[in-house]
Amino acid sequence: MGTGAEVSGGFSLDFEGVAVPARAGESVAAALAAHGVKGWRTTRSGAQRGLFCGMGVCQDCVVEIDGVPGRRACMTSVDRPMTVRRQRHGQPLPPATELRPPATLAELPVERPQLLVIGGGPGGLSAAIAARRAGVEVLLLDERRSPGGQYFKPVAVAGDDVLPPDAQHREGLALVAEARAAGVEIRSGITVWGAFRPLEFAAVTAAGESFRVLPGATIIATGAYERGWPVPGWTLPGVMTTGAAQTLWRTARRLPGRRVVIAGNGPLNLQLAAELTAGGAEVVAVAEAAAAPTGALAAVVAMALASPALVAQGVGYRLRCQAAGVPVLHGEVVSAVAQGPAGLQVTLTDGGATRVLEADVLCLGYGFEPSNELLRALGCRHDHDSAQQRLVTWRDADGQTSVAGVYALGDCTSLGGARVAAADGTLAGLAAAAALGQPLSPALERQQQQARGAGQRHRRFQQALWRLYRAPAPDIAQVPDETMICRCEEVCFGTARAAIADGLADAGCVKRATRIGMGPCQGRYCRPLLEALIADATGAAPDELSGFAPRPPFRPETIRDLAGKP
């Protein structure tokens, strides 16, 4: 088969001469995963890589589509027949059909909304709604194909074999509809690739048209991405994040594989297990890093008082897993992954004994890193939180950062979950509106107080939840030297340790000596690991200046896109 073809209810993709059926609206990643294709690109060493983050961060899923290389399969919708090829390292680029020098930032078209909201998840949508109701003109830009963020993840496909949206989907759809009805201008498929002081942003559309935004104020709600879990084999095709697998299921109703091991820390892994089981997958096990919740009555009571609905939801996930016979292995973590004759061989350890499970896919969910590049580029103050092991954005009670006119909320600032983000979004939206000269009506002031109470209640829930899921911190010193620290540049821990032992005591020096952090993911996965190595060797705690400086473009973009020429 030479080209993709249109078929009933969707399209047929040509993947290296093999016909792959795809539903209209799903991602190329979902179609390939459903067909059992795991390796999508080759690295400098010839190793294969596939879907990992599922949200456009890691760049491991880049493929060639219709002759154009560097397309992120997880972010590209199937909207026509396509010819898809593995992207091979070092392959020549297609000849340029039009050459023009890149535009300067000043040459790009400019938009000047009163308020710019970046991020269309629960927090960003709530902020936009609140500000619009206060009378502010609001422009919301979101990188995804549809608003809703990682939490709501709307179903993008239709068909008789597609399960309908669930309650979480419907809540997200209602929130998006509320924003549109309020008059919020929502633009999807927009990547904000630059942030410049004092309040200037550069963005590019899916069609490759760059433009600038100079707002009166901005609210940043860009969320978070899942941490890497560095063990031997964590770069193998078939190893992906919990969020990537959930995105396949919740947006495209596609399973990541038939036999799945889910490992990590926190309730999201249990939710994924329940969802994949309902979809027909065999969940071999859920390996939870936290110990079994014995004697946790006080935490459960605190959670129930704060949000009985969320407790009931969590109990429901656990009961669905029990009914399906899914074993939940407490106190066990992944220590290695290897490719076996019948799939992945996943080694679990509890600190002493080990066991090996076989699966098609391993999903890793060991916590989150903030997508705070825009905030850091604007100069917003950040402090290192040793409990969360991440930078947190300094904000006042209404979400105002240390930079005038910049508000922030959600998991890009501090881990708190969707409910906290939604409450903080309302507060930030109303605070921004007031700062822009819009007086708040008594009704909006009541909404402000309600949001403040809801935020406090859901923070109490989160505090109790993570007492229940408290797990030992990973010991970076125990990671074997041969384990990959930089997925993009294929640099191992041993190389990083040798550089530090030679006296290179900051991330920038190690980066220049080893190329750690110089790949297309821009250090998002290796930077926290390198910081932990340096802290372990020097005893110096990380801070906002100890990692890599954020540099635009914050996502890999083509020269043509940056030039503003589609």
# chains A, B, ... in the order shown; residues from 1 in each chain; ligands from 1
>>> residues_around(residues="Thr426 in chain A", least_positions_apart="2", cutoff="10 Å", atoms="only C-alpha atoms", output="number ranges by chain")
A: 123-131, 398-399, 409, 421-424, 428-432, 444, 447-452, 455
>>> write_last_selection(atoms="N, CA, C and O atoms", output="mmCIF file, in the first residue's frame")
data_model
loop_
_atom_site.group_PDB
_atom_site.id
_atom_site.type_symbol
_atom_site.label_atom_id
_atom_site.label_comp_id
_atom_site.auth_asym_id
_atom_site.auth_seq_id
_atom_site.Cartn_x
_atom_site.Cartn_y
_atom_site.Cartn_z
ATOM 1 N N GLY A 123 -8.128 24.819 35.813
ATOM 2 C CA GLY A 123 -7.754 26.111 36.376
ATOM 3 C C GLY A 123 -7.842 27.237 35.380
ATOM 4 O O GLY A 123 -8.386 28.308 35.671
ATOM 5 N N GLY A 124 -7.291 27.020 34.188
ATOM 6 C CA GLY A 124 -7.325 28.063 33.169
ATOM 7 C C GLY A 124 -8.732 28.409 32.747
ATOM 8 O O GLY A 124 -9.081 29.594 32.581
ATOM 9 N N LEU A 125 -9.579 27.403 32.560
ATOM 10 C CA LEU A 125 -10.972 27.656 32.174
ATOM 11 C C LEU A 125 -11.722 28.409 33.274
ATOM 12 O O LEU A 125 -12.474 29.342 33.005
ATOM 13 N N SER A 126 -11.505 28.000 34.533
ATOM 14 C CA SER A 126 -12.190 28.668 35.642
ATOM 15 C C SER A 126 -11.752 30.121 35.756
ATOM 16 O O SER A 126 -12.573 31.013 36.021
ATOM 17 N N ALA A 127 -10.463 30.372 35.549
ATOM 18 C CA ALA A 127 -9.962 31.750 35.600
ATOM 19 C C ALA A 127 -10.572 32.586 34.487
ATOM 20 O O ALA A 127 -10.979 33.739 34.707
ATOM 21 N N ALA A 128 -10.640 32.030 33.293
ATOM 22 C CA ALA A 128 -11.183 32.759 32.151
ATOM 23 C C ALA A 128 -12.660 33.092 32.360
ATOM 24 O O ALA A 128 -13.111 34.206 32.061
ATOM 25 N N ILE A 129 -13.414 32.140 32.888
ATOM 26 C CA ILE A 129 -14.842 32.360 33.136
ATOM 27 C C ILE A 129 -15.038 33.481 34.159
ATOM 28 O O ILE A 129 -15.857 34.393 33.973
ATOM 29 N N ALA A 130 -14.284 33.410 35.252
ATOM 30 C CA ALA A 130 -14.440 34.420 36.313
ATOM 31 C C ALA A 130 -14.098 35.813 35.800
ATOM 32 O O ALA A 130 -14.829 36.786 36.042
ATOM 33 N N ALA A 131 -12.993 35.927 35.070
ATOM 34 C CA ALA A 131 -12.591 37.246 34.569
ATOM 35 C C ALA A 131 -13.584 37.774 33.552
ATOM 36 O O ALA A 131 -13.897 38.972 33.524
ATOM 37 N N ASP A 398 -4.323 35.371 46.092
ATOM 38 C CA ASP A 398 -5.149 35.460 44.887
ATOM 39 C C ASP A 398 -4.416 34.991 43.630
ATOM 40 O O ASP A 398 -4.933 35.156 42.521
ATOM 41 N N GLY A 399 -3.214 34.444 43.781
ATOM 42 C CA GLY A 399 -2.503 33.927 42.626
ATOM 43 C C GLY A 399 -1.541 34.900 41.976
ATOM 44 O O GLY A 399 -0.908 34.551 40.970
ATOM 45 N N LEU A 409 -1.451 29.563 38.608
ATOM 46 C CA LEU A 409 -2.255 28.622 39.384
ATOM 47 C C LEU A 409 -2.060 27.216 38.859
ATOM 48 O O LEU A 409 -1.517 26.995 37.771
ATOM 49 N N ALA A 421 -6.885 23.661 41.565
ATOM 50 C CA ALA A 421 -6.628 24.533 40.410
ATOM 51 C C ALA A 421 -7.878 25.298 40.009
ATOM 52 O O ALA A 421 -7.812 26.493 39.688
ATOM 53 N N ALA A 422 -9.030 24.627 40.013
ATOM 54 C CA ALA A 422 -10.273 25.296 39.625
ATOM 55 C C ALA A 422 -10.626 26.421 40.600
ATOM 56 O O ALA A 422 -11.018 27.522 40.192
ATOM 57 N N ALA A 423 -10.477 26.154 41.897
ATOM 58 C CA ALA A 423 -10.767 27.192 42.896
ATOM 59 C C ALA A 423 -9.794 28.352 42.763
ATOM 60 O O ALA A 423 -10.197 29.531 42.777
ATOM 61 N N ASP A 424 -8.504 28.035 42.624
ATOM 62 C CA ASP A 424 -7.508 29.091 42.467
ATOM 63 C C ASP A 424 -7.694 29.852 41.161
ATOM 64 O O ASP A 424 -7.369 31.038 41.071
ATOM 65 N N ALA A 428 -7.863 33.852 40.850
ATOM 66 C CA ALA A 428 -6.934 34.593 39.993
ATOM 67 C C ALA A 428 -7.681 35.383 38.936
ATOM 68 O O ALA A 428 -7.317 36.531 38.629
ATOM 69 N N GLY A 429 -8.728 34.798 38.370
ATOM 70 C CA GLY A 429 -9.503 35.499 37.351
ATOM 71 C C GLY A 429 -10.142 36.760 37.895
ATOM 72 O O GLY A 429 -10.119 37.823 37.255
ATOM 73 N N LEU A 430 -10.717 36.674 39.104
ATOM 74 C CA LEU A 430 -11.356 37.846 39.705
ATOM 75 C C LEU A 430 -10.320 38.878 40.144
ATOM 76 O O LEU A 430 -10.545 40.097 40.015
ATOM 77 N N ALA A 431 -9.179 38.420 40.658
ATOM 78 C CA ALA A 431 -8.133 39.351 41.069
ATOM 79 C C ALA A 431 -7.565 40.097 39.869
ATOM 80 O O ALA A 431 -7.326 41.306 39.924
ATOM 81 N N ALA A 432 -7.365 39.379 38.765
ATOM 82 C CA ALA A 432 -6.858 40.028 37.555
ATOM 83 C C ALA A 432 -7.860 41.045 37.031
ATOM 84 O O ALA A 432 -7.482 42.141 36.588
ATOM 85 N N LEU A 444 -20.155 38.383 42.420
ATOM 86 C CA LEU A 444 -18.797 37.909 42.174
ATOM 87 C C LEU A 444 -17.985 37.866 43.465
ATOM 88 O O LEU A 444 -17.129 36.983 43.634
ATOM 89 N N GLN A 447 -18.882 34.688 45.009
ATOM 90 C CA GLN A 447 -18.198 33.602 44.306
ATOM 91 C C GLN A 447 -16.731 33.527 44.722
ATOM 92 O O GLN A 447 -16.164 32.448 44.873
ATOM 93 N N GLN A 448 -16.135 34.686 44.946
ATOM 94 C CA GLN A 448 -14.736 34.735 45.384
ATOM 95 C C GLN A 448 -14.581 34.055 46.741
ATOM 96 O O GLN A 448 -13.650 33.257 46.941
ATOM 97 N N GLN A 449 -15.476 34.347 47.673
ATOM 98 C CA GLN A 449 -15.398 33.732 48.986
ATOM 99 C C GLN A 449 -15.662 32.232 48.921
ATOM 100 O O GLN A 449 -15.016 31.433 49.624
ATOM 101 N N GLN A 450 -16.598 31.824 48.074
ATOM 102 C CA GLN A 450 -16.868 30.389 47.899
ATOM 103 C C GLN A 450 -15.640 29.664 47.346
ATOM 104 O O GLN A 450 -15.299 28.560 47.797
ATOM 105 N N ALA A 451 -14.976 30.299 46.374
ATOM 106 C CA ALA A 451 -13.780 29.686 45.787
ATOM 107 C C ALA A 451 -12.663 29.588 46.816
ATOM 108 O O ALA A 451 -11.936 28.589 46.867
ATOM 109 N N ARG A 452 -12.554 30.600 47.663
ATOM 110 C CA ARG A 452 -11.512 30.560 48.691
ATOM 111 C C ARG A 452 -11.770 29.390 49.656
ATOM 112 O O ARG A 452 -10.842 28.662 50.025
ATOM 113 N N GLY A 455 -11.031 26.069 47.826
ATOM 114 C CA GLY A 455 -9.598 25.820 47.725
ATOM 115 C C GLY A 455 -9.019 25.303 49.024
ATOM 116 O O GLY A 455 -8.214 24.364 49.035
#
>>> select_by_dssp(residues="range 301-541 of chain A", states="strand (DSSP E or B)", output="PyMOL selection string")
chain A and resi 328-330+333-340+343-349+354-359+361-365+368-370+382-385+390-393+400+406-408+484-486+491-492
>>> residues_around(residues="Ala292 in chain A", least_positions_apart="4", cutoff="12 Å", atoms="only C-alpha atoms", output="list in words")
Asn265, Ala287, Glu288, Ala296, Val328, Leu329, His330, Gly331, Glu332, Arg467, Leu468, Tyr469, Arg470 and Ala471 of chain A
>>> atom_distance(atom1="CA of Met484 in chain A", atom2="CA of Val346 in chain A")
16.7 Å
>>> residues_around(residues="range 248-263 of chain A", least_positions_apart="5", cutoff="9 Å", atoms="only C-alpha atoms", output="MDAnalysis selection string")
chainID A and resid 23 25:27 29:31 33:34 36 54 74 152:158 162:163 165 169 238 242:243 269:270 272:273 275:276 279:289 332:334 346 357:366
>>> write_last_selection(atoms="C-alpha atoms", output="PDB file, in the first residue's frame")
ATOM      1  CA  ARG A  23     -10.498   6.875  13.577  1.00  0.00           C
ATOM      2  CA  GLY A  25     -10.016  12.773  15.380  1.00  0.00           C
ATOM      3  CA  GLU A  26      -7.701  10.451  17.264  1.00  0.00           C
ATOM      4  CA  SER A  27      -3.975  11.066  17.431  1.00  0.00           C
ATOM      5  CA  ALA A  29      -0.079   7.895  18.428  1.00  0.00           C
ATOM      6  CA  ALA A  30      -3.421   6.314  19.352  1.00  0.00           C
ATOM      7  CA  ALA A  31      -3.780   4.674  15.940  1.00  0.00           C
ATOM      8  CA  ALA A  33      -0.559   2.032  19.583  1.00  0.00           C
ATOM      9  CA  ALA A  34      -3.872   0.307  18.797  1.00  0.00           C
ATOM     10  CA  GLY A  36       0.597  -2.754  18.198  1.00  0.00           C
ATOM     11  CA  GLY A  54       1.789  11.365  25.532  1.00  0.00           C
ATOM     12  CA  CYS A  74       0.795  12.253  20.269  1.00  0.00           C
ATOM     13  CA  PHE A 152     -10.784  16.350  31.544  1.00  0.00           C
ATOM     14  CA  LYS A 153      -9.279  14.986  28.276  1.00  0.00           C
ATOM     15  CA  PRO A 154     -12.373  15.088  26.042  1.00  0.00           C
ATOM     16  CA  VAL A 155     -13.186  12.092  23.842  1.00  0.00           C
ATOM     17  CA  ALA A 156     -12.016  12.990  20.328  1.00  0.00           C
ATOM     18  CA  VAL A 157     -13.575  10.108  18.376  1.00  0.00           C
ATOM     19  CA  ALA A 158     -17.036   8.760  17.638  1.00  0.00           C
ATOM     20  CA  VAL A 162     -16.611   3.919  21.190  1.00  0.00           C
ATOM     21  CA  LEU A 163     -17.681   4.128  24.817  1.00  0.00           C
ATOM     22  CA  PRO A 165     -18.102  10.152  27.722  1.00  0.00           C
ATOM     23  CA  HIS A 169     -15.669  13.976  30.560  1.00  0.00           C
ATOM     24  CA  GLY A 238       6.304   0.117  25.480  1.00  0.00           C
ATOM     25  CA  THR A 242       0.518   6.693  33.325  1.00  0.00           C
ATOM     26  CA  GLY A 243      -0.746   9.923  31.772  1.00  0.00           C
ATOM     27  CA  ASN A 269      -2.512   4.756  38.801  1.00  0.00           C
ATOM     28  CA  LEU A 270      -5.533   3.078  40.382  1.00  0.00           C
ATOM     29  CA  LEU A 272      -5.966   4.044  35.085  1.00  0.00           C
ATOM     30  CA  ALA A 273      -6.155   0.408  36.150  1.00  0.00           C
ATOM     31  CA  GLU A 275     -10.342   2.349  33.173  1.00  0.00           C
ATOM     32  CA  LEU A 276      -8.115  -0.025  31.215  1.00  0.00           C
ATOM     33  CA  GLY A 279     -11.742  -1.347  28.241  1.00  0.00           C
ATOM     34  CA  GLY A 280     -10.741  -5.005  28.079  1.00  0.00           C
ATOM     35  CA  ALA A 281      -7.063  -4.868  29.036  1.00  0.00           C
ATOM     36  CA  GLU A 282      -5.446  -7.346  31.397  1.00  0.00           C
ATOM     37  CA  VAL A 283      -3.874  -5.269  34.145  1.00  0.00           C
ATOM     38  CA  VAL A 284      -1.209  -7.644  35.394  1.00  0.00           C
ATOM     39  CA  ALA A 285      -0.648  -5.623  38.571  1.00  0.00           C
ATOM     40  CA  VAL A 286      -0.629  -2.163  40.104  1.00  0.00           C
ATOM     41  CA  ALA A 287       2.650  -1.648  41.967  1.00  0.00           C
ATOM     42  CA  GLU A 288       2.105   1.140  44.501  1.00  0.00           C
ATOM     43  CA  ALA A 289       5.244   2.586  46.093  1.00  0.00           C
ATOM     44  CA  GLU A 332       6.954  -2.221  45.538  1.00  0.00           C
ATOM     45  CA  VAL A 333       8.679  -0.155  42.851  1.00  0.00           C
ATOM     46  CA  VAL A 334      10.078  -0.835  39.398  1.00  0.00           C
ATOM     47  CA  VAL A 346       9.340  -5.728  34.581  1.00  0.00           C
ATOM     48  CA  LEU A 357       6.182  -9.577  35.636  1.00  0.00           C
ATOM     49  CA  GLU A 358       5.644  -9.811  31.881  1.00  0.00           C
ATOM     50  CA  ALA A 359       3.546  -7.296  29.976  1.00  0.00           C
ATOM     51  CA  ASP A 360       3.142  -5.559  26.639  1.00  0.00           C
ATOM     52  CA  VAL A 361       3.252  -2.149  28.272  1.00  0.00           C
ATOM     53  CA  LEU A 362       4.609  -0.658  31.489  1.00  0.00           C
ATOM     54  CA  CYS A 363       3.006   2.562  32.749  1.00  0.00           C
ATOM     55  CA  LEU A 364       5.059   4.683  35.158  1.00  0.00           C
ATOM     56  CA  GLY A 365       3.463   7.314  37.396  1.00  0.00           C
ATOM     57  CA  TYR A 366       5.914   8.461  40.082  1.00  0.00           C
TER      58      TYR A 366
END
>>> decode(residues="range 330-344 of chain A", atoms="all heavy atoms", output="compact mmCIF listing (two decimals), in the first residue's frame")
# COMPACT_ATOMS: atom_id res chain seq x y z
N HIS A 330 1.56 -3.29 47.32
CA HIS A 330 2.01 -2.12 48.06
C HIS A 330 3.49 -2.24 48.43
O HIS A 330 4.01 -3.32 48.67
CB HIS A 330 1.17 -1.94 49.33
CG HIS A 330 -0.20 -1.42 49.06
ND1 HIS A 330 -0.46 -0.08 48.87
CD2 HIS A 330 -1.39 -2.06 48.94
CE1 HIS A 330 -1.75 0.08 48.65
NE2 HIS A 330 -2.35 -1.09 48.69
N GLY A 331 4.16 -1.07 48.46
CA GLY A 331 5.55 -1.04 48.87
C GLY A 331 6.52 -1.58 47.85
O GLY A 331 7.68 -1.85 48.18
N GLU A 332 6.08 -1.70 46.59
CA GLU A 332 6.95 -2.22 45.54
C GLU A 332 7.13 -1.17 44.44
O GLU A 332 6.18 -0.47 44.08
CB GLU A 332 6.38 -3.51 44.95
CG GLU A 332 6.24 -4.62 45.97
CD GLU A 332 5.97 -5.98 45.35
OE1 GLU A 332 6.38 -6.19 44.18
OE2 GLU A 332 5.36 -6.83 46.03
N VAL A 333 8.36 -1.11 43.92
CA VAL A 333 8.68 -0.15 42.85
C VAL A 333 9.40 -0.89 41.73
O VAL A 333 9.98 -1.96 41.92
CB VAL A 333 9.57 1.01 43.36
CG1 VAL A 333 8.86 1.81 44.43
CG2 VAL A 333 10.91 0.49 43.85
N VAL A 334 9.36 -0.29 40.54
CA VAL A 334 10.08 -0.84 39.40
C VAL A 334 11.57 -0.59 39.59
O VAL A 334 11.99 0.54 39.87
CB VAL A 334 9.60 -0.18 38.08
CG1 VAL A 334 10.46 -0.65 36.91
CG2 VAL A 334 8.14 -0.50 37.83
N SER A 335 12.37 -1.64 39.44
CA SER A 335 13.82 -1.50 39.56
C SER A 335 14.55 -1.76 38.24
O SER A 335 15.72 -1.39 38.11
CB SER A 335 14.37 -2.44 40.64
OG SER A 335 14.05 -3.80 40.33
N ALA A 336 13.87 -2.37 37.26
CA ALA A 336 14.50 -2.61 35.96
C ALA A 336 13.43 -3.04 34.97
O ALA A 336 12.37 -3.57 35.35
CB ALA A 336 15.59 -3.68 36.05
N VAL A 337 13.71 -2.78 33.70
CA VAL A 337 12.85 -3.23 32.60
C VAL A 337 13.75 -3.82 31.53
O VAL A 337 14.81 -3.28 31.22
CB VAL A 337 12.03 -2.07 31.98
CG1 VAL A 337 10.94 -2.63 31.06
CG2 VAL A 337 11.43 -1.19 33.04
N ALA A 338 13.33 -4.94 30.95
CA ALA A 338 14.10 -5.56 29.88
C ALA A 338 13.15 -6.07 28.81
O ALA A 338 11.97 -6.32 29.08
CB ALA A 338 14.95 -6.72 30.43
N GLN A 339 13.67 -6.19 27.61
CA GLN A 339 12.87 -6.74 26.51
C GLN A 339 13.01 -8.25 26.51
O GLN A 339 14.11 -8.78 26.38
CB GLN A 339 13.35 -6.17 25.17
CG GLN A 339 12.49 -6.57 23.98
CD GLN A 339 11.07 -6.03 24.07
OE1 GLN A 339 10.87 -4.83 24.18
NE2 GLN A 339 10.08 -6.92 24.05
N GLY A 340 11.89 -8.94 26.68
CA GLY A 340 11.90 -10.39 26.67
C GLY A 340 11.30 -10.93 25.39
O GLY A 340 10.82 -10.18 24.54
N PRO A 341 11.30 -12.25 25.23
CA PRO A 341 10.75 -12.84 24.00
C PRO A 341 9.26 -12.63 23.83
O PRO A 341 8.76 -12.63 22.70
CB PRO A 341 11.10 -14.33 24.15
CG PRO A 341 11.31 -14.54 25.62
CD PRO A 341 11.87 -13.26 26.13
N ALA A 342 8.54 -12.42 24.93
CA ALA A 342 7.08 -12.28 24.85
C ALA A 342 6.61 -10.90 25.30
O ALA A 342 5.44 -10.72 25.59
CB ALA A 342 6.41 -13.36 25.69
N GLY A 343 7.52 -9.93 25.36
CA GLY A 343 7.14 -8.59 25.78
C GLY A 343 8.14 -8.03 26.76
O GLY A 343 9.31 -8.46 26.81
N LEU A 344 7.70 -7.07 27.56
CA LEU A 344 8.57 -6.45 28.55
C LEU A 344 8.63 -7.31 29.81
O LEU A 344 7.62 -7.87 30.25
CB LEU A 344 8.05 -5.06 28.92
CG LEU A 344 8.03 -4.01 27.81
CD1 LEU A 344 7.37 -2.73 28.32
CD2 LEU A 344 9.43 -3.73 27.28
